[in-house]
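Novice: Next comes the structure file start_33.cif, holding mmCIF, C-alpha atoms and all ligand atoms; chains and numbers go by the auth columns.
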data_input
#
loop_
_atom_site.group_PDB
_atom_site.id
_atom_site.type_symbol
_atom_site.label_atom_id
_atom_site.label_comp_id
_atom_site.label_asym_id
_atom_site.label_seq_id
_atom_site.Cartn_x
_atom_site.Cartn_y
_atom_site.Cartn_z
_atom_site.B_iso_or_equiv
_atom_site.auth_seq_id
_atom_site.auth_asym_id
ATOM 1 C CA MET A 1 -28.632 3.124 22.915 0.00 1 Y
ATOM 2 C CA LEU A 2 -25.580 4.776 21.431 0.00 2 Y
ATOM 3 C CA THR A 3 -22.429 4.554 23.560 0.00 3 Y
ATOM 4 C CA GLU A 4 -19.133 6.272 22.949 0.00 4 Y
ATOM 5 C CA ILE A 5 -16.198 3.857 23.095 0.00 5 Y
ATOM 6 C CA LEU A 6 -13.240 5.482 24.792 0.00 6 Y
ATOM 7 C CA THR A 7 -10.926 2.555 25.504 0.00 7 Y
ATOM 8 C CA ASP A 8 -9.775 -0.685 23.902 0.00 8 Y
ATOM 9 C CA GLN A 9 -10.999 -2.578 26.986 0.00 9 Y
ATOM 10 C CA GLN A 10 -14.531 -1.271 26.550 0.00 10 Y
ATOM 11 C CA LEU A 11 -14.615 -2.518 22.970 0.00 11 Y
ATOM 12 C CA ILE A 12 -13.029 -5.878 23.802 0.00 12 Y
ATOM 13 C CA LYS A 13 -15.826 -6.492 26.333 0.00 13 Y
ATOM 14 C CA LEU A 14 -18.428 -5.903 23.628 0.00 14 Y
ATOM 15 C CA TYR A 15 -16.925 -8.486 21.281 0.00 15 Y
ATOM 16 C CA THR A 16 -19.465 -11.180 22.127 0.00 16 Y
ATOM 17 C CA THR A 17 -22.416 -8.768 22.212 0.00 17 Y
ATOM 18 C CA PRO A 18 -24.300 -8.384 18.962 0.00 18 Y
ATOM 19 C CA GLY A 19 -23.919 -4.848 17.762 0.00 19 Y
ATOM 20 C CA TYR A 20 -22.287 -2.312 15.521 0.00 20 Y
ATOM 21 C CA LEU A 21 -19.297 -0.044 15.709 0.00 21 Y
ATOM 22 C CA VAL A 22 -18.951 3.326 14.045 0.00 22 Y
ATOM 23 C CA ALA A 23 -15.249 4.017 13.591 0.00 23 Y
ATOM 24 C CA VAL A 24 -14.191 7.542 12.694 0.00 24 Y
ATOM 25 C CA ASP A 25 -10.654 8.038 11.402 0.00 25 Y
ATOM 26 C CA TYR A 26 -9.730 11.741 11.457 0.00 26 Y
ATOM 27 C CA PRO A 27 -6.496 11.563 9.406 0.00 27 Y
ATOM 28 C CA LYS A 28 -8.180 9.454 6.702 0.00 28 Y
ATOM 29 C CA LYS A 29 -11.448 11.441 6.923 0.00 29 Y
ATOM 30 C CA GLU A 30 -13.321 8.168 6.990 0.00 30 Y
ATOM 31 C CA VAL A 31 -16.381 6.930 8.819 0.00 31 Y
ATOM 32 C CA LYS A 32 -16.834 3.159 8.767 0.00 32 Y
ATOM 33 C CA LEU A 33 -19.551 0.873 10.010 0.00 33 Y
ATOM 34 C CA HIS A 34 -18.518 -2.531 11.386 0.00 34 Y
ATOM 35 C CA THR A 35 -20.119 -5.325 13.334 0.00 35 Y
ATOM 36 C CA VAL A 36 -18.297 -5.520 16.688 0.00 36 Y
ATOM 37 C CA ASP A 37 -16.969 -8.985 15.862 0.00 37 Y
ATOM 38 C CA CYS A 38 -15.207 -7.738 12.708 0.00 38 Y
ATOM 39 C CA MET A 39 -11.420 -8.205 12.840 0.00 39 Y
ATOM 40 C CA LEU A 40 -11.047 -4.550 11.887 0.00 40 Y
ATOM 41 C CA ALA A 41 -13.097 -3.624 14.969 0.00 41 Y
ATOM 42 C CA ASP A 42 -10.991 -5.808 17.258 0.00 42 Y
ATOM 43 C CA PRO A 43 -8.350 -3.898 19.282 0.00 43 Y
ATOM 44 C CA ILE A 44 -6.502 -7.184 19.920 0.00 44 Y
ATOM 45 C CA SER A 45 -5.983 -7.741 16.200 0.00 45 Y
ATOM 46 C CA SER A 46 -3.003 -5.970 14.622 0.00 46 Y
ATOM 47 C CA VAL A 47 -5.316 -4.621 11.908 0.00 47 Y
ATOM 48 C CA GLY A 48 -8.057 -3.644 14.362 0.00 48 Y
ATOM 49 C CA VAL A 49 -9.055 -0.207 15.640 0.00 49 Y
ATOM 50 C CA LYS A 50 -7.386 1.090 18.821 0.00 50 Y
ATOM 51 C CA PRO A 51 -9.790 3.443 20.638 0.00 51 Y
ATOM 52 C CA SER A 52 -7.422 4.160 23.558 0.00 52 Y
ATOM 53 C CA LYS A 53 -4.646 5.301 21.257 0.00 53 Y
ATOM 54 C CA ALA A 54 -6.987 7.191 18.930 0.00 54 Y
ATOM 55 C CA ARG A 55 -8.383 9.110 21.872 0.00 55 Y
ATOM 56 C CA GLU A 56 -4.940 9.834 23.292 0.00 56 Y
ATOM 57 C CA ASN A 57 -3.655 11.083 19.945 0.00 57 Y
ATOM 58 C CA LYS A 58 -6.972 12.669 18.936 0.00 58 Y
ATOM 59 C CA THR A 59 -7.037 10.692 15.704 0.00 59 Y
ATOM 60 C CA GLY A 60 -10.508 9.230 15.917 0.00 60 Y
ATOM 61 C CA GLU A 61 -13.723 8.444 17.735 0.00 61 Y
ATOM 62 C CA PHE A 62 -15.860 5.339 18.151 0.00 62 Y
ATOM 63 C CA TRP A 63 -19.533 4.665 18.824 0.00 63 Y
ATOM 64 C CA TYR A 64 -21.344 1.451 19.625 0.00 64 Y
ATOM 65 C CA SER A 65 -24.980 0.545 19.222 0.00 65 Y
ATOM 66 C CA GLU A 66 -26.913 -2.705 19.296 0.00 66 Y
ATOM 67 C CA SER A 67 -29.076 -1.290 16.550 0.00 67 Y
ATOM 68 C CA ARG A 68 -27.722 -1.169 13.033 0.00 68 Y
ATOM 69 C CA ASP A 69 -30.146 1.634 12.171 0.00 69 Y
ATOM 70 C CA GLU A 70 -28.939 3.732 15.069 0.00 70 Y
ATOM 71 C CA ALA A 71 -25.255 3.116 14.292 0.00 71 Y
ATOM 72 C CA ASN A 72 -25.914 3.889 10.644 0.00 72 Y
ATOM 73 C CA SER A 73 -27.678 7.178 11.489 0.00 73 Y
ATOM 74 C CA LYS A 74 -24.786 8.222 13.727 0.00 74 Y
ATOM 75 C CA ALA A 75 -22.251 7.396 11.013 0.00 75 Y
ATOM 76 C CA GLU A 76 -24.227 9.364 8.422 0.00 76 Y
ATOM 77 C CA GLU A 77 -24.564 12.310 10.794 0.00 77 Y
ATOM 78 C CA ILE A 78 -20.815 12.412 11.499 0.00 78 Y
ATOM 79 C CA ALA A 79 -19.939 12.119 7.802 0.00 79 Y
ATOM 80 C CA LYS A 80 -22.383 14.910 6.965 0.00 80 Y
ATOM 81 C CA ASN A 81 -21.153 17.281 9.675 0.00 81 Y
ATOM 82 C CA LYS A 82 -17.452 16.889 8.968 0.00 82 Y
ATOM 83 C CA GLU A 83 -16.045 18.473 5.848 0.00 83 Y
ATOM 84 C CA GLY A 84 -14.769 16.004 3.255 0.00 84 Y
ATOM 85 C CA TYR A 85 -15.515 12.806 5.165 0.00 85 Y
ATOM 86 C CA THR A 86 -16.654 9.667 3.429 0.00 86 Y
ATOM 87 C CA TYR A 87 -18.930 7.055 4.955 0.00 87 Y
ATOM 88 C CA THR A 88 -18.515 3.424 4.013 0.00 88 Y
ATOM 89 C CA ILE A 89 -19.877 0.149 5.272 0.00 89 Y
ATOM 90 C CA CYS A 90 -17.029 -2.271 5.910 0.00 90 Y
ATOM 91 C CA PRO A 91 -16.861 -4.809 3.054 0.00 91 Y
ATOM 92 C CA ILE A 92 -15.445 -7.503 5.334 0.00 92 Y
ATOM 93 C CA CYS A 93 -18.218 -7.661 7.914 0.00 93 Y
ATOM 94 C CA ASN A 94 -21.135 -6.218 5.941 0.00 94 Y
ATOM 95 C CA ARG A 95 -24.034 -8.596 6.463 0.00 95 Y
HETATM 96 ZN ZN ZN B . -15.788 -4.588 9.473 0.00 101 A
#
Taking this structure as input, can you express it in the form of C-alpha cells?

Specialist:
Amino acid sequence: MLTEILTDQQLIKLYTTPGYLVAVDYPKKEVKLHTVDCMLADPISSVGVKPSKARENKTGEFWYSESRDEANSKAEEIAKNKEGYTYTICPICNR
C-alpha cells in the first residue's frame, strides 16, 4: 500500500521496515527512488530528506511503499505528470 509521508517522525519509524521511498524535490524537479534505509532517505542524517520541512515550505513530497514495483510506478507517474521532472533511482541504495 502506498502511504504519503508527511513528517520526519513517520519516516524515522519506517527505517527498520523493508520498503521504498519516493522523494520528490520540487525546486530540483527531481523524483528519486530510495530504500528506506538509505542515508539519503534518513531525516536524522544531515544529507537525508526532511519531509516535515519540505511539507512546511512546499518544496517536496514523499511516498512510501513496501513494494518496489508500486513505489516505482508512483515515481514514474509523478515524473510524467509534472513538467520537466526527471526520475532517477538512487545510485547509493539501488539494489
Ligand atoms: Zn538512496

Novice: Can you work out which residues are within 8 Å of ligand ZN 101 (chain A), considering all atoms listed in the file, and then hand them over as a list in words?

Specialist: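 I would give the residues around ligand ZN 101 (chain A) as Lys32, Leu33, His34, Thr35, Val36, Asp37, Cys38, Met39, Leu40, Ala41, Ile89, Cys90, Pro91, Ile92, Cys93 and Asn94 of chain Y.
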
Novice: Applied to this file, what does the PyMOL selection byres (((chain Y and resi 9) around 10) and not hetatm) return in terms of residues, put as a ChimeraX atom specification?

Specialist: /Y:5-8,10-14,43-44,50-52

Novice: For Lys74 in chain Y, which residue out of Y:Ser46, Y:Tyr26, Y:Arg55, Y:Phe62 is the nearest one, using all atoms listed in the file?

Specialist: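 For Lys74 in chain Y, the nearest of the given residues is Y:Phe62.
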
Novice: For the structure shown, which residues end up in the PyMOL selection byres (((chain Y and resi 71) around 10) and not hetatm)? Put them as a compact mmCIF listing (two decimals) with C-alpha atoms, in the coordinates of the input, please?

Specialist:
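Okay, expr_6.txt is ready:
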# COMPACT_ATOMS: atom_id res chain seq x y z
CA MET Y 1 -28.63 3.12 22.92
CA LEU Y 2 -25.58 4.78 21.43
CA THR Y 3 -22.43 4.55 23.56
CA GLY Y 19 -23.92 -4.85 17.76
CA TYR Y 20 -22.29 -2.31 15.52
CA LEU Y 21 -19.30 -0.04 15.71
CA VAL Y 22 -18.95 3.33 14.04
CA LEU Y 33 -19.55 0.87 10.01
CA HIS Y 34 -18.52 -2.53 11.39
CA THR Y 35 -20.12 -5.32 13.33
CA TRP Y 63 -19.53 4.66 18.82
CA TYR Y 64 -21.34 1.45 19.62
CA SER Y 65 -24.98 0.55 19.22
CA GLU Y 66 -26.91 -2.70 19.30
CA SER Y 67 -29.08 -1.29 16.55
CA ARG Y 68 -27.72 -1.17 13.03
CA ASP Y 69 -30.15 1.63 12.17
CA GLU Y 70 -28.94 3.73 15.07
CA ASN Y 72 -25.91 3.89 10.64
CA SER Y 73 -27.68 7.18 11.49
CA LYS Y 74 -24.79 8.22 13.73
CA ALA Y 75 -22.25 7.40 11.01
CA GLU Y 76 -24.23 9.36 8.42
CA GLU Y 77 -24.56 12.31 10.79

Novice: By how many Å are CA of Asp25 in chain Y and CA of Ala54 in chain Y apart?

Specialist: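 Distance reported for this atom pair: 8.4 Å.
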
Novice: Quick one, how far is CA of Val49 in chain Y from CA of Thr16 in chain Y?

Specialist: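 According to the coordinates, CA of Val49 in chain Y and CA of Thr16 in chain Y are separated by 16.5 Å.
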